[in-house]
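Content type mmCIF, C-alpha atoms and all ligand atoms, from the file upload-v7.cif:
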```cif
data_structure
#
loop_
_atom_site.label_atom_id
_atom_site.label_comp_id
_atom_site.auth_asym_id
_atom_site.auth_seq_id
_atom_site.Cartn_x
_atom_site.Cartn_y
_atom_site.Cartn_z
CA MET A 1 6.85 5.40 -17.67
CA ASN A 2 5.32 1.99 -16.96
CA ASN A 3 8.42 0.07 -17.95
CA MET A 4 12.17 0.23 -17.68
CA LYS A 5 12.88 1.36 -21.23
CA ASP A 6 14.73 4.47 -20.08
CA SER A 7 16.70 2.66 -17.40
CA LEU A 8 17.96 -0.51 -19.05
CA GLY A 9 20.46 -0.56 -21.87
CA VAL A 10 23.11 -2.71 -23.48
CA SER A 11 26.73 -1.68 -23.58
CA ASN A 12 29.58 -3.90 -24.86
CA GLY A 13 27.14 -6.79 -24.92
CA HIS A 14 26.26 -6.33 -21.25
CA LEU A 15 22.95 -5.31 -19.71
CA THR A 16 23.10 -1.94 -17.93
CA ILE A 17 20.79 -0.34 -15.39
CA GLY A 18 20.96 3.41 -14.88
CA GLY A 19 24.09 3.32 -17.06
CA ILE A 20 25.89 0.75 -14.86
CA ASP A 21 27.01 -2.67 -16.11
CA CYS A 22 24.95 -5.34 -14.33
CA THR A 23 27.81 -7.83 -14.29
CA GLU A 24 29.94 -5.27 -12.42
CA LEU A 25 27.16 -4.80 -9.89
CA ALA A 26 26.92 -8.57 -9.46
CA GLU A 27 30.66 -8.81 -8.95
CA GLN A 28 30.89 -5.85 -6.57
CA TYR A 29 27.90 -6.69 -4.34
CA GLY A 30 27.39 -10.42 -4.88
CA THR A 31 24.21 -12.23 -5.92
CA PRO A 32 21.31 -12.56 -5.54
CA LEU A 33 21.08 -8.80 -5.68
CA TYR A 34 18.13 -6.46 -5.99
CA VAL A 35 19.03 -3.34 -7.97
CA MET A 36 16.71 -0.31 -8.07
CA ASP A 37 17.02 2.73 -10.33
CA GLU A 38 16.24 5.77 -8.19
CA ASP A 39 15.40 7.95 -11.21
CA VAL A 40 12.70 5.51 -12.35
CA ILE A 41 11.15 5.58 -8.86
CA ARG A 42 11.21 9.38 -8.73
CA GLN A 43 9.82 9.70 -12.26
CA ALA A 44 6.79 7.54 -11.39
CA CYS A 45 6.16 9.58 -8.21
CA ARG A 46 6.26 12.80 -10.23
CA GLU A 47 3.89 11.44 -12.88
CA PHE A 48 1.32 10.47 -10.26
CA LYS A 49 1.73 13.71 -8.30
CA ALA A 50 1.40 15.85 -11.44
CA SER A 51 -1.73 13.90 -12.42
CA ILE A 52 -3.35 14.50 -9.02
CA ASP A 53 -2.50 18.22 -9.23
CA GLU A 54 -3.78 18.48 -12.79
CA CYS A 55 -6.90 16.35 -12.42
CA TYR A 56 -8.11 17.28 -8.94
CA GLY A 57 -6.05 20.24 -7.74
CA ARG A 58 -6.20 18.84 -4.20
CA GLY A 59 -5.14 15.38 -3.13
CA MET A 60 -2.30 13.11 -2.12
CA VAL A 61 -0.38 10.26 -3.71
CA CYS A 62 0.34 7.69 -0.99
CA TYR A 63 2.98 5.19 -2.05
CA ALA A 64 1.92 1.71 -0.85
CA THR A 65 4.98 0.67 1.14
CA LYS A 66 4.02 -3.02 1.01
CA ALA A 67 5.44 -2.99 -2.53
CA PHE A 68 8.95 -2.20 -1.33
CA CYS A 69 9.78 -0.74 2.07
CA CYS A 70 13.09 0.32 3.51
CA LYS A 71 14.31 3.55 5.09
CA GLU A 72 15.87 4.89 1.90
CA MET A 73 12.64 4.33 -0.05
CA CYS A 74 10.76 6.30 2.62
CA ARG A 75 13.34 9.10 2.38
CA ILE A 76 12.85 9.25 -1.39
CA MET A 77 9.07 9.41 -0.94
CA LYS A 78 9.49 12.19 1.62
CA ASP A 79 11.71 14.07 -0.78
CA GLU A 80 9.13 13.69 -3.58
CA GLY A 81 6.48 15.19 -1.31
CA ILE A 82 4.11 12.25 -1.40
CA GLY A 83 2.48 10.25 1.37
CA LEU A 84 2.73 6.62 2.48
CA ASP A 85 0.09 3.93 2.68
CA THR A 86 1.42 1.58 5.34
CA VAL A 87 0.11 -1.81 6.34
CA SER A 88 1.82 -2.77 9.58
CA GLY A 89 3.62 -1.52 12.67
CA GLY A 90 6.87 -2.51 10.97
CA GLU A 91 6.23 -0.28 7.97
CA ILE A 92 5.13 2.61 10.21
CA TYR A 93 8.26 2.13 12.33
CA THR A 94 10.48 2.14 9.23
CA ALA A 95 8.86 5.31 7.86
CA LEU A 96 9.18 7.16 11.18
CA ALA A 97 12.76 5.97 11.65
CA ALA A 98 13.51 7.43 8.20
CA GLY A 99 12.11 10.78 9.36
CA PHE A 100 8.92 10.54 7.31
CA PRO A 101 6.26 13.09 8.37
CA ALA A 102 3.59 11.26 10.40
CA ASP A 103 0.72 13.36 9.09
CA ARG A 104 1.37 12.04 5.58
CA ILE A 105 1.13 8.40 6.68
CA VAL A 106 -2.05 6.35 6.31
CA PHE A 107 -2.36 3.03 8.15
CA THR A 108 -4.41 0.52 6.16
CA SER A 109 -4.68 -3.15 7.02
CA ASN A 110 -7.41 -5.69 7.62
CA ASN A 111 -6.59 -6.79 11.16
CA LYS A 112 -4.57 -4.28 13.14
CA LYS A 113 -3.08 -5.37 16.42
CA ASP A 114 -3.79 -3.15 19.43
CA GLU A 115 -0.11 -2.29 19.73
CA GLU A 116 -0.04 -1.21 16.07
CA ILE A 117 -3.08 1.03 16.60
CA ALA A 118 -1.37 2.47 19.69
CA LEU A 119 1.86 3.04 17.74
CA ALA A 120 -0.08 4.90 15.04
CA ILE A 121 -1.98 7.01 17.58
CA ASP A 122 1.07 7.78 19.75
CA ASN A 123 2.90 9.02 16.67
CA ASN A 124 -0.04 11.07 15.33
CA ILE A 125 -0.30 9.14 12.06
CA GLY A 126 -2.47 11.17 9.67
CA ARG A 127 -5.24 8.67 9.00
CA ILE A 128 -6.19 5.13 10.00
CA THR A 129 -8.17 3.12 7.45
CA CYS A 130 -10.58 0.91 9.33
CA ASP A 131 -11.47 -2.51 7.96
CA ASN A 132 -14.19 -3.93 10.22
CA ILE A 133 -16.55 -3.05 13.06
CA GLU A 134 -14.51 -4.64 15.84
CA GLU A 135 -11.52 -2.62 14.71
CA LEU A 136 -13.60 0.56 14.76
CA TYR A 137 -14.46 -0.02 18.43
CA ARG A 138 -10.86 -0.85 19.26
CA ILE A 139 -9.52 2.30 17.57
CA SER A 140 -12.09 4.41 19.44
CA ASP A 141 -11.26 2.70 22.73
CA ILE A 142 -7.47 3.02 22.39
CA ALA A 143 -7.71 6.65 21.23
CA SER A 144 -10.06 7.52 24.15
CA LYS A 145 -7.59 6.12 26.68
CA LYS A 146 -4.91 8.31 25.13
CA ASN A 147 -7.16 11.39 24.96
CA LYS A 148 -6.61 11.70 21.22
CA THR A 149 -8.89 11.97 18.23
CA VAL A 150 -8.17 9.74 15.25
CA ARG A 151 -9.11 10.51 11.66
CA VAL A 152 -10.67 7.30 10.43
CA VAL A 153 -11.24 6.28 6.83
CA LEU A 154 -13.57 3.32 6.21
CA ARG A 155 -12.37 0.68 3.80
CA LEU A 156 -15.25 -0.31 1.54
CA LYS A 157 -15.89 -3.07 -0.95
CA PRO A 158 -17.34 -1.40 -4.01
CA GLY A 159 -18.24 -4.79 -5.53
CA VAL A 160 -16.17 -4.13 -8.64
CA GLU A 161 -14.25 -6.95 -10.28
CA ALA A 162 -11.18 -6.15 -12.34
CA HIS A 163 -9.62 -8.78 -14.58
CA THR A 164 -6.64 -9.65 -12.49
CA PHE A 165 -5.35 -12.69 -10.64
CA GLU A 166 -7.87 -13.84 -7.99
CA ALA A 167 -5.43 -13.49 -5.09
CA VAL A 168 -4.84 -9.81 -5.84
CA MET A 169 -8.52 -8.96 -6.44
CA THR A 170 -9.83 -7.11 -3.42
CA GLY A 171 -12.83 -4.94 -4.25
CA LYS A 172 -15.46 -7.65 -4.79
CA ILE A 173 -17.96 -8.61 -2.13
CA ASP A 174 -16.33 -11.97 -1.31
CA SER A 175 -13.13 -10.39 -0.05
CA LYS A 176 -11.59 -10.31 3.41
CA PHE A 177 -10.98 -6.56 3.07
CA GLY A 178 -13.41 -3.89 4.21
CA PHE A 179 -17.13 -3.21 4.64
CA ALA A 180 -19.54 -4.20 1.86
CA ILE A 181 -21.65 -1.37 0.46
CA GLU A 182 -24.39 -3.50 -1.05
CA THR A 183 -25.26 -5.35 2.17
CA GLY A 184 -25.73 -2.13 4.16
CA GLU A 185 -22.70 -2.98 6.32
CA ALA A 186 -20.81 0.14 5.21
CA LEU A 187 -23.69 2.53 5.94
CA LYS A 188 -24.14 0.98 9.38
CA ALA A 189 -20.42 1.45 10.13
CA ALA A 190 -20.45 5.08 8.94
CA LYS A 191 -23.44 5.83 11.22
CA GLU A 192 -21.75 4.02 14.10
CA VAL A 193 -18.75 6.37 13.99
CA ALA A 194 -20.91 9.36 15.02
CA GLY A 195 -21.72 7.65 18.32
CA LEU A 196 -18.16 6.66 19.17
CA PRO A 197 -15.74 8.82 21.14
CA SER A 198 -12.29 9.92 19.93
CA ILE A 199 -12.77 9.14 16.27
CA GLU A 200 -13.76 11.34 13.39
CA LEU A 201 -14.98 9.97 10.07
CA ALA A 202 -12.58 11.56 7.60
CA GLY A 203 -13.37 9.54 4.54
CA ILE A 204 -13.90 6.33 2.64
CA HIS A 205 -11.48 4.08 0.81
CA CYS A 206 -11.46 1.33 -1.77
CA HIS A 207 -8.81 -0.71 -3.53
CA ILE A 208 -10.12 -2.96 -6.27
CA GLY A 209 -7.06 -5.09 -7.03
CA SER A 210 -3.59 -5.08 -8.48
CA GLN A 211 -1.86 -5.26 -11.87
CA ILE A 212 -5.00 -3.91 -13.58
CA HIS A 213 -4.70 -3.02 -17.27
CA GLU A 214 -8.15 -1.50 -17.77
CA ILE A 215 -9.58 1.90 -16.93
CA ALA A 216 -13.26 0.89 -16.74
CA PRO A 217 -13.10 -0.89 -13.32
CA PHE A 218 -11.51 2.22 -11.77
CA GLU A 219 -14.25 4.43 -13.26
CA LYS A 220 -16.92 2.04 -12.00
CA ALA A 221 -15.42 1.95 -8.49
CA CYS A 222 -15.23 5.76 -8.48
CA GLU A 223 -18.91 5.99 -9.41
CA VAL A 224 -19.93 3.50 -6.71
CA MET A 225 -17.92 5.41 -4.10
CA PHE A 226 -19.47 8.75 -5.09
CA ASP A 227 -22.96 7.29 -5.00
CA PHE A 228 -22.20 6.16 -1.46
CA ILE A 229 -20.84 9.61 -0.53
CA GLY A 230 -24.15 11.03 -1.81
CA LYS A 231 -26.10 8.54 0.27
CA LEU A 232 -24.08 9.46 3.37
CA ARG A 233 -24.66 13.17 2.70
CA ASP A 234 -28.41 12.46 2.66
CA GLU A 235 -27.95 10.89 6.10
CA GLY A 236 -26.13 14.02 7.30
CA ILE A 237 -22.64 12.46 7.13
CA ILE A 238 -20.11 14.52 5.18
CA ILE A 239 -17.14 12.75 3.59
CA LYS A 240 -14.02 14.87 3.10
CA ASP A 241 -11.48 12.29 1.88
CA LEU A 242 -11.85 9.69 -0.84
CA SER A 243 -9.09 7.16 -1.41
CA LEU A 244 -9.32 5.21 -4.64
CA GLY A 245 -6.45 2.81 -3.87
CA GLY A 246 -3.73 1.56 -6.18
CA GLY A 247 -3.55 -1.29 -8.66
CA PHE A 248 -2.16 0.31 -11.84
CA GLY A 249 -0.68 -2.37 -14.09
CA ILE A 250 2.93 -2.48 -15.25
CA LYS A 251 4.87 -4.32 -17.91
CA TYR A 252 6.38 -7.65 -16.84
CA THR A 253 6.44 -9.24 -20.30
CA ASP A 254 5.54 -8.17 -23.82
CA ALA A 255 2.03 -9.54 -23.19
CA ASP A 256 1.39 -6.66 -20.75
CA LYS A 257 0.15 -3.46 -22.37
CA PRO A 258 0.35 -0.87 -19.61
CA ILE A 259 -1.83 2.22 -19.77
CA PRO A 260 0.01 5.50 -19.06
CA TYR A 261 -0.77 6.47 -15.44
CA GLY A 262 -2.05 9.89 -16.53
CA ASP A 263 -4.74 8.21 -18.66
CA TYR A 264 -6.23 6.45 -15.63
CA MET A 265 -6.18 9.68 -13.70
CA LYS A 266 -7.82 11.72 -16.46
CA ALA A 267 -10.61 9.21 -17.00
CA VAL A 268 -11.30 8.70 -13.29
CA SER A 269 -11.21 12.42 -12.48
CA ALA A 270 -13.66 13.10 -15.32
CA LYS A 271 -15.96 10.48 -13.78
CA ALA A 272 -15.47 12.03 -10.32
CA LYS A 273 -16.37 15.52 -11.59
CA GLN A 274 -19.43 14.14 -13.36
CA CYS A 275 -20.54 12.38 -10.14
CA CYS A 276 -20.03 15.54 -8.05
CA GLU A 277 -22.14 17.54 -10.47
CA LYS A 278 -24.89 14.95 -10.62
CA LEU A 279 -25.08 14.57 -6.84
CA GLY A 280 -24.37 18.21 -5.92
CA LEU A 281 -21.24 17.31 -3.97
CA ASP A 282 -17.98 19.19 -3.43
CA MET A 283 -14.92 17.34 -4.72
CA PRO A 284 -13.36 15.48 -1.77
CA PHE A 285 -9.62 15.35 -1.07
CA ILE A 286 -8.57 12.51 -3.40
CA MET A 287 -5.96 9.94 -2.44
CA ILE A 288 -4.44 7.17 -4.56
CA GLU A 289 -2.14 4.38 -3.38
CA PRO A 290 0.16 3.16 -6.15
CA GLY A 291 2.68 0.56 -5.01
CA ARG A 292 3.72 -1.76 -7.83
CA SER A 293 3.67 1.06 -10.42
CA ILE A 294 6.19 3.11 -8.40
CA ALA A 295 8.56 0.33 -7.34
CA ALA A 296 8.34 -2.62 -9.77
CA PRO A 297 9.55 -1.00 -13.00
CA ALA A 298 12.56 0.44 -11.17
CA GLY A 299 13.98 -2.88 -10.04
CA ILE A 300 15.77 -5.92 -11.38
CA THR A 301 17.23 -8.94 -9.60
CA LEU A 302 20.63 -10.35 -10.50
CA TYR A 303 21.52 -14.01 -9.99
CA THR A 304 24.49 -16.22 -10.78
CA VAL A 305 23.80 -19.35 -12.78
CA GLY A 306 25.04 -22.49 -11.04
CA SER A 307 23.78 -25.25 -13.32
CA ARG A 308 22.20 -26.12 -16.61
CA LYS A 309 20.16 -29.30 -16.57
CA ILE A 310 18.69 -30.62 -19.81
CA ILE A 311 15.88 -33.16 -19.55
CA PRO A 312 15.66 -34.39 -23.15
CA GLY A 313 12.29 -33.77 -24.76
CA ILE A 314 10.98 -32.17 -21.57
CA ARG A 315 12.74 -28.97 -20.54
CA THR A 316 15.99 -27.20 -19.67
CA TYR A 317 16.44 -26.01 -16.10
CA ILE A 318 18.72 -23.06 -15.45
CA GLY A 319 19.64 -23.22 -11.75
CA ILE A 320 20.25 -19.87 -10.07
CA ASP A 321 21.56 -18.88 -6.65
CA GLY A 322 18.26 -17.38 -5.50
CA GLY A 323 14.58 -18.10 -6.10
CA MET A 324 11.49 -18.35 -3.95
CA PRO A 325 13.06 -16.78 -0.83
CA ASP A 326 13.82 -13.54 -2.74
CA ASN A 327 10.95 -13.77 -5.24
CA PRO A 328 7.95 -15.93 -4.29
CA ARG A 329 5.63 -14.47 -6.94
CA TYR A 330 5.80 -17.34 -9.42
CA ALA A 331 5.17 -19.86 -6.65
CA LEU A 332 2.26 -17.76 -5.37
CA TYR A 333 0.64 -16.45 -8.53
CA LYS A 334 2.45 -17.96 -11.54
CA SER A 335 3.53 -14.39 -12.27
CA GLU A 336 5.47 -14.00 -15.48
CA TYR A 337 8.75 -12.17 -15.89
CA THR A 338 11.25 -11.22 -18.56
CA ALA A 339 14.77 -12.63 -18.15
CA GLU A 340 18.11 -11.65 -19.69
CA VAL A 341 21.58 -13.14 -19.46
CA ALA A 342 23.25 -9.90 -18.41
CA ASN A 343 26.64 -10.80 -19.90
CA LYS A 344 25.08 -11.91 -23.22
CA ALA A 345 22.45 -9.19 -23.57
CA ASP A 346 23.13 -8.62 -27.27
CA GLU A 347 22.76 -12.31 -28.16
CA PRO A 348 19.49 -13.77 -29.42
CA LYS A 349 17.15 -15.45 -26.97
CA ASP A 350 17.20 -18.77 -28.76
CA GLU A 351 16.29 -21.05 -25.86
CA ILE A 352 13.12 -21.61 -23.87
CA VAL A 353 14.01 -22.48 -20.28
CA THR A 354 12.72 -22.94 -16.76
CA ILE A 355 14.59 -20.80 -14.26
CA ALA A 356 14.80 -22.76 -11.02
CA GLY A 357 15.52 -21.52 -7.52
CA ARG A 358 17.80 -23.29 -5.08
CA THR A 359 15.46 -24.15 -2.24
CA CYS A 360 14.13 -27.58 -1.43
CA GLU A 361 10.81 -27.08 -3.19
CA SER A 362 9.85 -28.23 -6.71
CA GLY A 363 7.65 -25.14 -7.04
CA ASP A 364 10.59 -22.85 -6.39
CA LEU A 365 10.75 -21.43 -9.89
CA ILE A 366 11.18 -17.91 -11.24
CA GLY A 367 9.37 -18.91 -14.39
CA GLU A 368 8.72 -21.59 -16.99
CA ASN A 369 8.80 -21.30 -20.79
CA MET A 370 11.01 -18.25 -20.56
CA PRO A 371 12.88 -17.13 -23.68
CA LEU A 372 16.55 -16.67 -22.75
CA GLN A 373 20.01 -16.38 -24.24
CA HIS A 374 22.10 -19.55 -23.86
CA ALA A 375 22.89 -19.59 -20.13
CA GLU A 376 25.70 -21.52 -18.47
CA ALA A 377 27.23 -21.78 -15.02
CA GLY A 378 28.88 -18.50 -14.09
CA ASP A 379 26.59 -16.30 -16.19
CA THR A 380 24.62 -13.49 -14.59
CA VAL A 381 20.87 -13.68 -15.10
CA ALA A 382 18.73 -10.57 -14.66
CA ILE A 383 15.00 -10.81 -13.95
CA LEU A 384 13.29 -7.54 -14.87
CA ALA A 385 10.59 -5.52 -13.11
CA THR A 386 11.20 -7.06 -9.69
CA GLY A 387 11.19 -3.80 -7.69
CA ALA A 388 7.82 -4.53 -6.05
CA TYR A 389 6.59 -7.49 -4.01
CA ASN A 390 9.97 -9.25 -4.19
CA TYR A 391 12.23 -7.89 -1.42
CA SER A 392 9.08 -7.09 0.59
CA MET A 393 7.84 -10.69 0.24
CA ALA A 394 11.20 -12.31 0.92
CA SER A 395 11.43 -15.22 3.35
CA HIS A 396 14.14 -17.14 5.14
CA TYR A 397 13.04 -20.50 3.76
CA ASN A 398 15.96 -22.97 4.01
CA ARG A 399 17.64 -20.32 6.21
CA VAL A 400 18.73 -18.37 3.17
CA PRO A 401 19.78 -14.84 4.20
CA ASN A 402 17.89 -11.93 2.53
CA ALA A 403 19.63 -10.43 -0.49
CA ALA A 404 21.04 -6.89 -0.46
CA VAL A 405 19.32 -3.96 -2.19
CA VAL A 406 21.44 -1.56 -4.19
CA MET A 407 20.17 1.77 -5.56
CA VAL A 408 21.70 3.26 -8.71
CA LYS A 409 21.61 6.94 -9.62
CA GLY A 410 23.68 9.19 -11.84
CA GLY A 411 26.05 6.38 -12.80
CA THR A 412 26.84 5.47 -9.18
CA SER A 413 25.56 2.71 -6.92
CA ARG A 414 25.03 2.41 -3.17
CA VAL A 415 23.74 -0.23 -0.79
CA VAL A 416 20.41 0.74 0.76
CA VAL A 417 19.73 -2.59 2.48
CA ARG A 418 22.72 -4.69 3.52
CA ARG A 419 22.89 -8.37 2.66
CA GLU A 420 21.92 -10.47 5.68
CA THR A 421 24.50 -12.69 7.28
CA PHE A 422 24.00 -16.09 8.91
CA GLU A 423 24.47 -14.29 12.26
CA ASP A 424 21.65 -11.84 11.38
CA MET A 425 19.32 -14.77 10.78
CA ALA A 426 20.26 -16.60 13.95
CA LYS A 427 20.41 -13.54 16.23
CA ASN A 428 17.06 -14.19 17.93
CA ASP A 429 17.63 -17.91 18.37
CA ILE A 430 18.03 -18.91 21.99
C1 LIG B 1 -5.14 -1.03 0.26
C2 LIG B 1 -4.11 -1.13 -0.80
N1 LIG B 1 -3.65 0.00 -1.37
C3 LIG B 1 -2.70 -0.04 -2.32
C4 LIG B 1 -2.15 -1.23 -2.74
C5 LIG B 1 -1.08 -1.21 -3.79
O1 LIG B 1 -1.47 -1.84 -4.94
P1 LIG B 1 -0.51 -1.83 -6.22
O2 LIG B 1 0.82 -2.23 -5.75
O3 LIG B 1 -1.13 -2.81 -7.13
O4 LIG B 1 -0.54 -0.44 -6.75
C6 LIG B 1 -2.62 -2.43 -2.19
C7 LIG B 1 -2.07 -3.73 -2.65
O5 LIG B 1 -2.36 -4.78 -2.22
C8 LIG B 1 -3.62 -2.39 -1.20
O6 LIG B 1 -4.09 -3.50 -0.63
#
```
Take the structure in the file and give it back as structure tokens.
Ligand SMILES: Cc1ncc(COP(=O)(O)O)c(C=O)c1O
Amino acid sequence: MNNMKDSLGVSNGHLTIGGIDCTELAEQYGTPLYVMDEDVIRQACREFKASIDECYGRGMVCYATKAFCCKEMCRIMKDEGIGLDTVSGGEIYTALAAGFPADRIVFTSNNKKDEEIALAIDNNIGRITCDNIEELYRISDIASKKNKTVRVVLRLKPGVEAHTFEAVMTGKIDSKFGFAIETGEALKAAKEVAGLPSIELAGIHCHIGSQIHEIAPFEKACEVMFDFIGKLRDEGIIIKDLSLGGGFGIKYTDADKPIPYGDYMKAVSAKAKQCCEKLGLDMPFIMIEPGRSIAAPAGITLYTVGSRKIIPGIRTYIGIDGGMPDNPRYALYKSEYTAEVANKADEPKDEIVTIAGRTCESGDLIGENMPLQHAEAGDTVAILATGAYNYSMASHYNRVPNAAVVMVKGGTSRVVVRRETFEDMAKNDI
């Protein structure tokens, strides 16, 4: 389910999510408001987990918490029996505070602070993905002082380019993430591990990018990774874990044609089996790290329209009570979204508008050239597929408090992250 078709509906002319009227949610909890459908989240987890079981038999889905992280999300992931791919001490802290099992947590980032490495080691986090040689030495050093052994996974650049936005493309050689295979840097790092105390080389990792709508780059990356596993085996280094990252594309607008998650998994596992046969390798423990595909389709953001500004012959601005602080993706990547006037959801979208945020920044837009029903002050606007990289990328620009997150399930709603107050924002000010 790469879109919200089973979650969103229209009842009495109003947009519904999980069977609940969006205008009632806006009234009850205020706006801006993130709303997530728990069933959509769980369904995506189950699809990925079933695919891993079917395609590989052995492996782990690690939800990439950077997409959307809060305690309740970690509890849902725990309940679904999947792992977490975390990227900071804050995400590890949140997962542990939610009672998430440490051995199912992976810590992947490109410049870990010593205190974050120590936090991971002290809490027996399952695996640490190492990004660079200095980090490898630091992990070994910190683990040695604590008399612990860390399972390290090396993040590699397979040199594969997927057709995605440049800022979310990570597997090519000119990337800040990981060790390059083609320059020999990765082989050198893998050999280095053998000589270092308190670390064990568990596996290798790659992540080629995000919002990818093609299978071929994943197959190519898989092949490159297996070739490298074969090369390591020839050097006497045995790789047990292979993480193939996340990046599965979802539907933001009708222009996006998402591929069912199972199709990626089938194609990539066929490639993996073929590589194992060719190279005489045993199938490693396979990990994948979907983030966007688990969280984005489950979420919408609700806003209240404050103004309608027509610039004759140029454009119509619809001013909303949120924007860049709760959703910076248009400002960052020109990401496109689908919008609905929640209280006019059965009316035709007969206007093309620019939805403008309320901060002091011309670039604070949710989108331009967006088809929308006629929107006026007081209407509720819903932006779809905002469950990932919205709340988690929120800022306090203009000292705007972070919006609340509400989860819907079985026709009921509950707050999972409270709306921030002015006091919350100012609490660390001296
Ligand atoms: C290492 C790693 N794994 C997984 C992900 C999740 O990617 P996506 O949300 O596109 O599935 C990312 C995203 O940046 C990443 O950097």
Would you mind listing what lies within 9 Å of Cys74 in chain A as JSON, numbers by chain, with only C-alpha atoms counted and same-chain residues fewer than 4 positions away left out? {"A": [65, 69, 70, 78, 79, 84, 94, 95, 96, 98, 99, 100]}
Export, as an mmCIF file, in the frame of the given file, the selected residues with C-alpha atoms.
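Once everything was written out, this is result_24.cif:
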```cif
data_model
loop_
_atom_site.group_PDB
_atom_site.id
_atom_site.type_symbol
_atom_site.label_atom_id
_atom_site.label_comp_id
_atom_site.auth_asym_id
_atom_site.auth_seq_id
_atom_site.Cartn_x
_atom_site.Cartn_y
_atom_site.Cartn_z
ATOM 1 C CA THR A 65 4.980 0.670 1.140
ATOM 2 C CA CYS A 69 9.780 -0.740 2.070
ATOM 3 C CA CYS A 70 13.090 0.320 3.510
ATOM 4 C CA LYS A 78 9.490 12.190 1.620
ATOM 5 C CA ASP A 79 11.710 14.070 -0.780
ATOM 6 C CA LEU A 84 2.730 6.620 2.480
ATOM 7 C CA THR A 94 10.480 2.140 9.230
ATOM 8 C CA ALA A 95 8.860 5.310 7.860
ATOM 9 C CA LEU A 96 9.180 7.160 11.180
ATOM 10 C CA ALA A 98 13.510 7.430 8.200
ATOM 11 C CA GLY A 99 12.110 10.780 9.360
ATOM 12 C CA PHE A 100 8.920 10.540 7.310
#
```
Could you give me, as a PyMOL selection string, every polymer residue with an atom at most 10 Å away from an atom of ligand LIG 1 (chain B), counting only C-alpha atoms and all ligand atoms? chain A and resi 62-68+84-87+107-110+129+155+167-171+177-178+205-212+243-250+288-296+388-389
Grab all the atoms of range 210-221 of chain A that the file lists, wrap them in a box along x, y and z, add 3 Å per side, and give me centre plus edge lengths in Å (one decimal) as AutoDock Vina command-line options.
```
--center_x -9.4 --center_y -0.4 --center_z -13.1 --size_x 21.1 --size_y 15.7 --size_z 15.3
```
Leu365 in chain A environment, 6 Å, only C-alpha atoms, sequence neighbours closer than 5 positions dropped, as number ranges by chain: A: 355-357
Who sits within 12 Å of Asp6 in chain A, all atoms listed in the file, same chain under 4 positions skipped, as a VMD selection string: chain A and resid 1 to 2 10 16 to 19 37 39 to 41 43 297 to 298
By how many Å are CA of Ile204 in chain A and CA of Met265 in chain A apart? 18.4 Å
Looking at A:Ala375, A:Val341, A:Met393, A:Ala162, which one is nearest to Pro328 in chain A, with distances taken over only C-alpha atoms?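 Counting only C-alpha atoms, the residue closest to Pro328 in chain A is A:Met393.
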Skip range 189-201 of chain A itself and residues of its chain fewer than 2 positions away, then list as a PyMOL selection string all residues within 12 Å of it, counting all atoms listed in the file. chain A and resi 121+126-156+178-181+183-187+203-205+228-229+231-242
